[in-house]
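One structure below.
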Protein chains: 6
Amino acid sequence: MTGPNLASLPPLLYEPLVRRALEEDLGRAGDLTSDAILPPDLKAEAAVLARKAGRIAGLEAATSAFRILDATMEIDLKTQDGRDAGAGETLAVVRGPARSLLSAERTALNLLGRLCGVATTTRDLVAVVAPHGARIVCTRKTTPGLRALEKYAVKAGGGSNHRFGLDDAVLIKDNHVALAGGIRPAVERARAYVGHLVKIELEVDSLDQLREALDLGVDVVLLDNMSIETLREAVSLAKGKALTEASGGITPQTAPAVAATGVDMISVGWLTHSSPALDVALDVRV
Amino acid sequence: MTGPNLASLPPLLYEPLVRRALEEDLGRAGDLTSDAILPPDLKAEAAVLARKAGRIAGLEAATSAFRILDATMEIDLKTQDGRDAGAGETLAVVRGPARSLLSAERTALNLLGRLCGVATTTRDLVAVVAPHGARIVCTRKTTPGLRALEKYAVKAGGGSNHRFGLDDAVLIKDNHVALAGGIRPAVERARAYVGHLVKIELEVDSLDQLREALDLGVDVVLLDNMSIETLREAVSLAKGKALTEASGGITPQTAPAVAATGVDMISVGWLTHSSPALDVALDVRV
Amino acid sequence: MTGPNLASLPPLLYEPLVRRALEEDLGRAGDLTSDAILPPDLKAEAAVLARKAGRIAGLEAATSAFRILDATMEIDLKTQDGRDAGAGETLAVVRGPARSLLSAERTALNLLGRLCGVATTTRDLVAVVAPHGARIVCTRKTTPGLRALEKYAVKAGGGSNHRFGLDDAVLIKDNHVALAGGIRPAVERARAYVGHLVKIELEVDSLDQLREALDLGVDVVLLDNMSIETLREAVSLAKGKALTEASGGITPQTAPAVAATGVDMISVGWLTHSSPALDVALDVRV
Amino acid sequence: MTGPNLASLPPLLYEPLVRRALEEDLGRAGDLTSDAILPPDLKAEAAVLARKAGRIAGLEAATSAFRILDATMEIDLKTQDGRDAGAGETLAVVRGPARSLLSAERTALNLLGRLCGVATTTRDLVAVVAPHGARIVCTRKTTPGLRALEKYAVKAGGGSNHRFGLDDAVLIKDNHVALAGGIRPAVERARAYVGHLVKIELEVDSLDQLREALDLGVDVVLLDNMSIETLREAVSLAKGKALTEASGGITPQTAPAVAATGVDMISVGWLTHSSPALDVALDVRV
Amino acid sequence: MTGPNLASLPPLLYEPLVRRALEEDLGRAGDLTSDAILPPDLKAEAAVLARKAGRIAGLEAATSAFRILDATMEIDLKTQDGRDAGAGETLAVVRGPARSLLSAERTALNLLGRLCGVATTTRDLVAVVAPHGARIVCTRKTTPGLRALEKYAVKAGGGSNHRFGLDDAVLIKDNHVALAGGIRPAVERARAYVGHLVKIELEVDSLDQLREALDLGVDVVLLDNMSIETLREAVSLAKGKALTEASGGITPQTAPAVAATGVDMISVGWLTHSSPALDVALDVRV
Amino acid sequence: MTGPNLASLPPLLYEPLVRRALEEDLGRAGDLTSDAILPPDLKAEAAVLARKAGRIAGLEAATSAFRILDATMEIDLKTQDGRDAGAGETLAVVRGPARSLLSAERTALNLLGRLCGVATTTRDLVAVVAPHGARIVCTRKTTPGLRALEKYAVKAGGGSNHRFGLDDAVLIKDNHVALAGGIRPAVERARAYVGHLVKIELEVDSLDQLREALDLGVDVVLLDNMSIETLREAVSLAKGKALTEASGGITPQTAPAVAATGVDMISVGWLTHSSPALDVALDVRV
């Protein structure tokens, strides 16, 4: 497999979302325009294409909108998630009743544009840190209802996933520490509470906190809003003891310097909450 | 009422979404970190605040996450949708069990950040076209599952709403015209099909098409990808006969010139598909 | 296409309802009678037929019950929505396991009978006003959960649709006017609030109110409970300025006189809330 | 307890339906008219009233629409299900935000009108057979999704309930008999299949079939489409051996004669599939 | 048909449960292990087999998990519900993508093991009372959400079903009698309340109560926690007047003596709430 | 906090299940018996009690059934999850309308009995291995739809949780190894695929496999079906390199010897798939 290491999502994970999106668009009366204008037996073919170049993600999920609306639609994928597409490249060809083609168009494109947007932003950030060996990881700052898909798009972009939710790892933040009365009680309570497969990560703001965290044997340290210099020292302290993750206000411009400190991971919320959509379109061949 | 003309959304329209977002974050085991570290009877108070200045939207919907997770949470709104907030301004104060506060935090902020982001982008674009009297309208290029909320955020930003779905107005695009065999049959079929409360809008690419559309008496013409000069001529032709809407590749930079042509509306997809989230945070007071 | 201008409803719009209706009938233990008595491998064929003459609506939606219960059922439609059927006419032939045939029978017939009932009542009312050119339109007085289907049945009967819900047009009624402090503020607030594709209709009780409404430029006037004479005068006043809709206590007997006043539309709640079901049946061929 | 023997329905049985009906009416954008025109803090009071006299059913279920839309609404019931109301009688008084009052109005009235319609029709039919001691029972010919509520309305009208679904009793019809190869195998298989709490009813068309059914010891015989004379003889044959139920084309006109034959029950599908709605309204006091 | 008298459950009754179980197992990220390790195009075949001998129930429902996860999976059943399987016997063979095979494995086996466990326990208890002619019946003490399936498994084990819920028969227990002020008012109110197809069962603790119950003509008496001697006397009193059901602390050891008293039925809660799962497994053929 | 380290489950995680269980019991017609016999205004009080001694789990979740059915019910918990209760001990007192008390009784008890059953079985197994320091962990062999609750009950019994689903850790089993062509490719692909917070566990059958696993640096080794002697050697090999988990046919009798080998964890499927329910009851005080 070239490109990122990606499994195809089981339809169970995206079909309810696509169905809700179609229902949201069809409303109570369905597609007035297509129903009024197009004969029911008119067939058409259309290309789903990228208007701008980008990284593909969610192609199967997005085009399932055509099939969920109308089981007679044929969908022929021309590329796959995790690949790059050039401007104008055809990503899929869809054939079937013209009404269904146009009625599902917007739902399919809305989902595809968003996921390709996340993947493309991720790919570009991955590229700038690649020389330093740091992984780009996403956060839980995702669109309500779209977490599984957006995390998948991050992987399609070459990034790696952080927690999928509050229940799959412990991440002790400053608020937890403050409310628990210190790093030690927080870490000890967490260790006593969770199962043997759950890792513990701790957010630290200073090298003193980092030393305390390393003594307590946490699995990962989240180095929040540190200067490049402090980061470098923190990485050196943590080496061999815990994985290091840098976060806080990192941009494509600052990322290379952060990566150069030797941190294992750089986590970035804006991959999922602020990536612009990739421009994708449906080109109907009459 | 100062600011935009906004109704509060009925909870029926957003609670299912907020519930799904909470379930998505809690997963099967709930918030491991807070449950492990914080005593169940520890109470806390926190401010929801804007880290950057922006236009507020979805405050009640977003903070409902605290109440939906835990009915004992108190939520005290300090501002309201449609108002501007300064950097660092407190938008709401939330009080209750510390565990619930931290467990619902991300769900609330994810929704709030996104909707304020849409509202802020809209507000800024509205401001640049205001001198020319054009309305900024959104499109159906919305996040799957969030259409009602994102359309509401556009209103909170001072924009106006285009169709909410395929069923509340007719919008005849180039593909419909091509498949129908011309503008005339498309418009006539649409008029015969729909009820008396449904308006008909037609996309035109040229002044010739515009003239045909005006002869057919459509309610709105969508002037797609026209040059400023052509737009100006189109507006002049349509005056008193149909509303005019400009669309296609419009940016904050080009919008004033477009507005200056006298078009009634400018529609912009990126308000909803590519607005960056506003930076919002939860500040816990220990 | 002969008959009314009808699109086929996408299954997304009716399958959840049909599924709920089947679940409601099967309960927890399924069809005790058929399961007990009929061998699992017994195949049968049955005709869905109209016992009385009427207008067909919902044939595809209703017979989907057989397929949703049992994916191996074959459904062969013999007519289509919007056509008239004579007494005894076969509307569809269904083949498959005898158990599935009998278990889905009632669900299919309940839906079909109701929708054909609405369509037939509508057709008959349309016929009596046809000479005068008035359209028959339905209201929001629909069965909870069945609005999309009942509105569709009205179209199948040759009627036209009014609002599908509170969100697709403005209809200012007497209560709104009273609470707003007058017609003018009500209309002005509505116009400021809604998007460019939303029409505004106003209910008026007198010619004075009508004149005020016309001055304000509303799109449609709802002439409520007016005498024939007043209606005629109202139509004359509104001509060329707004569409006119008559409502209030209209019966098949009074409808021709109302239509003769020249109103554009006559709206009737009882099409959807009080139409008797058409008598439809399943005739099994052993 | 005066009037029919009625329990109040648990909200679990009707709230999902009411919620769906509200969502169906609010659509994506909510109540444009009320939101535009009425200030958010305007309170109002309104009476739910019967415009025509009738039997009340579903008052609590229907008015729950106000509370489900807006938890601050106060609902004050003035009568109860199973009672008669005179024309113009106030059934409930509702107070709260004017917007919520008007937004939930149609949902509440649609449900109330339908259920009171069923109850009123039932009451009237019960009255004409009362002198003969026959019970009026409903069928499974109910509106999709509304079975529990319509069956309850039949009880509110003084009628009695037949099966709620395919799973709570055995009813062997002509098709089952034909497909099973006779009455005897059908009854014997049913008896072997079901639990000890399930009764068995058999449809018979002739006195010969009746005799066979009685020999087999079924609990109830459904006497379908028999003449008055045959019915009388059937009742006499079945006396002390099985309950008797008459069905088939019974109208208010023919019901007394049917009842006079001494049958235990008369089942009528049109109570639920063809009852006109009772005219109910909301009278807002400004 | 050999074995118990069993209909196949319609998929509508179990698919939502299987879907929820799959979603519960897949979580947000899907099957990390299979997705990481197995190539997407690798096909495999596996046998679903019984590791221990037992009675089969739910085979079609359980294996539907493979098909619901992945529509391309082929499922080939080798036996059927209601039959016995020996240790090591292959129950079904499943073929398709290796990923889907392993991802759905646990969901399928969890359901199958539980239902076969209930059926096997039931079968064994049925066997020990068979010489005495008593039926084994289950109770409402079922797993939340699984009642229909567990009741079906009891039938597959040769048992019979008691009530499926609170709504399909009347069962008057000691608490009802105490709160109603006696057996007589309780029975009379029940009879007045329910339809003609609903049977009435009464729990009695003593022979005096039994005599009162029989005088009132209830359909079934539940003889709760009686000694063998009292049971025998109760059966003798009730003969020809009401069905008798013994309950209360009955074990496989005590069941034969209870059955020997001549009771018609013995009801046992632990069939559904405490049966151990049958050991079933998936054997992949590489 | 004495007893196990337990957070209270958020209602969002169990309310949908409790609601479905109530709907399953109420069916379409509700509680015929209580509705018929008990006056609507009769109040009662009842104790939820343990008939046999055991470990409590799910008390709040189970008793929520009373509140979900009827918002006026008062629930007063007398103990809490994770504590032991003696035979006859009152766990909670519930007050409110007698009808609601009896209608929700079975739903509450079914859930409580099952979860206490799991917790009690776990507690007893934990006790026998406690002297050796091994943790008892559960598996994914849970009841469909109840995983989160059953895993929580295991914690209430003093056990620890293994994976909640396929997505929160990697567990490479024999089938994966066989299909991947060896342990090394399987582990390497898994490591390349997952995020930095995901642990990798590998099932091994022999000491040779174990050595290969340890060389590859997996986090946990699952020692499947090994003899006590081999287990002891495996533990010694793995010490300091990976956590060790024993599984396969472990019973309360064999568990102490397994624990004595020094394994870190013993995983047992029957805690969740075969624990008998604890006997719990509702004692109504008239």
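Convention: chains lettered A, B, ... in structure tokens order; per-chain residue numbering from 1; ligands numbered from 1 as shown.
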
Just the strand (DSSP E) stuff from region 27-270 of chain A, please, per backbone DSSP, written as an MDAnalysis selection string.
chainID A and resid 43:50 54:55 74:77 84:85 90:97 135:137 170:172 200:204 220:224 243:247 265:267

May I ask you to extract the residues of chain A within 9 Å of chain D, using only C-alpha atoms, and to give them as a ChimeraX atom specification?
/A:24,27-28

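The gap separating CA of Val187 (chain B) from CA of Gly249 (chain B) is 25.9 Å, in Å to one decimal.
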
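Residue nearest Asp41 (chain C), chosen from D:Leu197, D:Ala153, D:Val94, D:Leu179 and counting only C-alpha atoms: D:Leu179.
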
Near Leu49 (chain C), within 10 Å and counting only C-alpha atoms, which residues show up once chain neighbours fewer than 3 positions away are dropped, as a JSON list (two decimals) with N, CA, C and O atoms, in the first residue's frame?
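As a result, selection-v6.json now contains:
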```json
[["chain", "number", "residue", "atom", "x", "y", "z"],
["C", 46, "ALA", "N", -50.59, -12.46, -4.22],
["C", 46, "ALA", "CA", -51.80, -11.74, -3.83],
["C", 46, "ALA", "C", -51.91, -10.47, -4.63],
["C", 46, "ALA", "O", -50.92, -9.89, -5.05],
["C", 52, "LYS", "N", -63.30, -0.06, -3.78],
["C", 52, "LYS", "CA", -64.12, 1.02, -4.31],
["C", 52, "LYS", "C", -63.26, 1.81, -5.29],
["C", 52, "LYS", "O", -62.03, 1.79, -5.19],
["C", 53, "ALA", "N", -63.90, 2.55, -6.18],
["C", 53, "ALA", "CA", -63.16, 3.40, -7.12],
["C", 53, "ALA", "C", -62.54, 4.58, -6.38],
["C", 53, "ALA", "O", -63.12, 5.08, -5.41],
["C", 78, "LYS", "N", -49.19, -2.26, -10.80],
["C", 78, "LYS", "CA", -50.03, -2.32, -12.00],
["C", 78, "LYS", "C", -50.57, -0.95, -12.41],
["C", 78, "LYS", "O", -51.21, -0.81, -13.45],
["C", 85, "ALA", "N", -58.48, 4.55, -10.17],
["C", 85, "ALA", "CA", -58.70, 3.11, -10.24],
["C", 85, "ALA", "C", -60.18, 2.85, -10.12],
["C", 85, "ALA", "O", -60.89, 3.55, -9.38],
["C", 86, "GLY", "N", -60.64, 1.85, -10.84],
["C", 86, "GLY", "CA", -62.04, 1.47, -10.74],
["C", 86, "GLY", "C", -62.24, 0.49, -9.59],
["C", 86, "GLY", "O", -61.28, -0.11, -9.08],
["C", 87, "ALA", "N", -63.50, 0.30, -9.19],
["C", 87, "ALA", "CA", -63.79, -0.66, -8.12],
["C", 87, "ALA", "C", -63.36, -2.04, -8.57],
["C", 87, "ALA", "O", -63.70, -2.49, -9.67],
["C", 88, "GLY", "N", -62.56, -2.70, -7.74],
["C", 88, "GLY", "CA", -62.11, -4.05, -8.06],
["C", 88, "GLY", "C", -60.82, -4.10, -8.83],
["C", 88, "GLY", "O", -60.26, -5.17, -9.07],
["C", 89, "GLU", "N", -60.30, -2.96, -9.20],
["C", 89, "GLU", "CA", -59.07, -2.94, -10.01],
["C", 89, "GLU", "C", -57.85, -3.39, -9.19],
["C", 89, "GLU", "O", -57.69, -3.03, -8.03],
["C", 90, "THR", "N", -57.02, -4.17, -9.83],
["C", 90, "THR", "CA", -55.77, -4.61, -9.20],
["C", 90, "THR", "C", -54.74, -3.49, -9.30],
["C", 90, "THR", "O", -54.44, -3.01, -10.39],
["C", 91, "LEU", "N", -54.20, -3.10, -8.17],
["C", 91, "LEU", "CA", -53.23, -2.01, -8.13],
["C", 91, "LEU", "C", -51.80, -2.54, -8.15],
["C", 91, "LEU", "O", -50.89, -1.88, -8.66],
["C", 92, "ALA", "N", -51.60, -3.71, -7.57],
["C", 92, "ALA", "CA", -50.27, -4.31, -7.52],
["C", 92, "ALA", "C", -50.43, -5.79, -7.28],
["C", 92, "ALA", "O", -51.45, -6.23, -6.72],
["C", 93, "VAL", "N", -49.41, -6.54, -7.70],
["C", 93, "VAL", "CA", -49.39, -7.97, -7.39],
["C", 93, "VAL", "C", -48.13, -8.23, -6.57],
["C", 93, "VAL", "O", -47.05, -7.72, -6.90],
["C", 109, "LEU", "N", -51.94, -1.97, 3.74],
["C", 109, "LEU", "CA", -53.29, -1.49, 3.43],
["C", 109, "LEU", "C", -53.65, -0.25, 4.25],
["C", 109, "LEU", "O", -54.33, 0.65, 3.76],
["C", 279, "ASP", "N", -61.36, 2.09, 0.47],
["C", 279, "ASP", "CA", -61.42, 0.67, 0.82],
["C", 279, "ASP", "C", -60.50, -0.13, -0.11],
["C", 279, "ASP", "O", -60.78, -0.30, -1.29],
["C", 280, "VAL", "N", -59.40, -0.58, 0.44],
["C", 280, "VAL", "CA", -58.44, -1.38, -0.33],
["C", 280, "VAL", "C", -58.25, -2.72, 0.37],
["C", 280, "VAL", "O", -58.47, -2.84, 1.56],
["C", 281, "ALA", "N", -57.86, -3.72, -0.39],
["C", 281, "ALA", "CA", -57.79, -5.06, 0.20],
["C", 281, "ALA", "C", -56.68, -5.88, -0.45],
["C", 281, "ALA", "O", -56.11, -5.50, -1.48],
["C", 282, "LEU", "N", -56.35, -6.99, 0.20],
["C", 282, "LEU", "CA", -55.38, -7.93, -0.34],
["C", 282, "LEU", "C", -56.12, -9.22, -0.64],
["C", 282, "LEU", "O", -56.75, -9.82, 0.23],
["C", 283, "ASP", "N", -56.01, -9.65, -1.87],
["C", 283, "ASP", "CA", -56.72, -10.84, -2.30],
["C", 283, "ASP", "C", -55.69, -11.94, -2.57],
["C", 283, "ASP", "O", -55.00, -11.91, -3.59]]
```

Skipping near chain neighbours, those fewer than 2 positions away, what residues fall within 8 Å of Gly262 (chain D) using only C-alpha atoms, listed as a CSV table (one decimal) with N, CA and C atoms, in the first residue's frame?
```
chain,number,residue,atom,x,y,z
D,132,HIS,N,-78.8,-3.0,23.5
D,132,HIS,CA,-78.7,-4.5,23.2
D,132,HIS,C,-77.5,-5.1,23.9
D,133,GLY,N,-76.7,-4.4,24.6
D,133,GLY,CA,-75.6,-5.0,25.4
D,133,GLY,C,-74.4,-5.4,24.6
D,134,ALA,N,-74.3,-5.0,23.3
D,134,ALA,CA,-73.1,-5.4,22.5
D,134,ALA,C,-72.0,-4.4,22.8
D,232,ARG,N,-78.2,-14.2,13.8
D,232,ARG,CA,-79.0,-14.6,15.0
D,232,ARG,C,-78.9,-16.1,15.3
D,235,VAL,N,-75.4,-16.8,16.7
D,235,VAL,CA,-75.3,-16.4,18.1
D,235,VAL,C,-75.9,-17.5,19.0
D,258,VAL,N,-77.9,-5.4,14.1
D,258,VAL,CA,-76.8,-6.4,14.3
D,258,VAL,C,-76.7,-6.6,15.8
D,259,ALA,N,-76.7,-5.6,16.6
D,259,ALA,CA,-76.6,-5.7,18.0
D,259,ALA,C,-77.8,-6.5,18.6
D,260,ALA,N,-78.9,-6.3,18.0
D,260,ALA,CA,-80.1,-7.0,18.5
D,260,ALA,C,-80.1,-8.5,18.3
D,264,ASP,N,-71.9,-10.6,21.0
D,264,ASP,CA,-71.2,-10.0,22.1
D,264,ASP,C,-70.5,-8.7,21.7
```

Every residue of region 25-272 of chain A that DSSP places in helix (DSSP H, G or I), as a PyMOL selection string:
chain A and resi 25-26+32-37+59-69+98-132+147-156+174-180+183-193+207-215+228-238+255-260+270-272
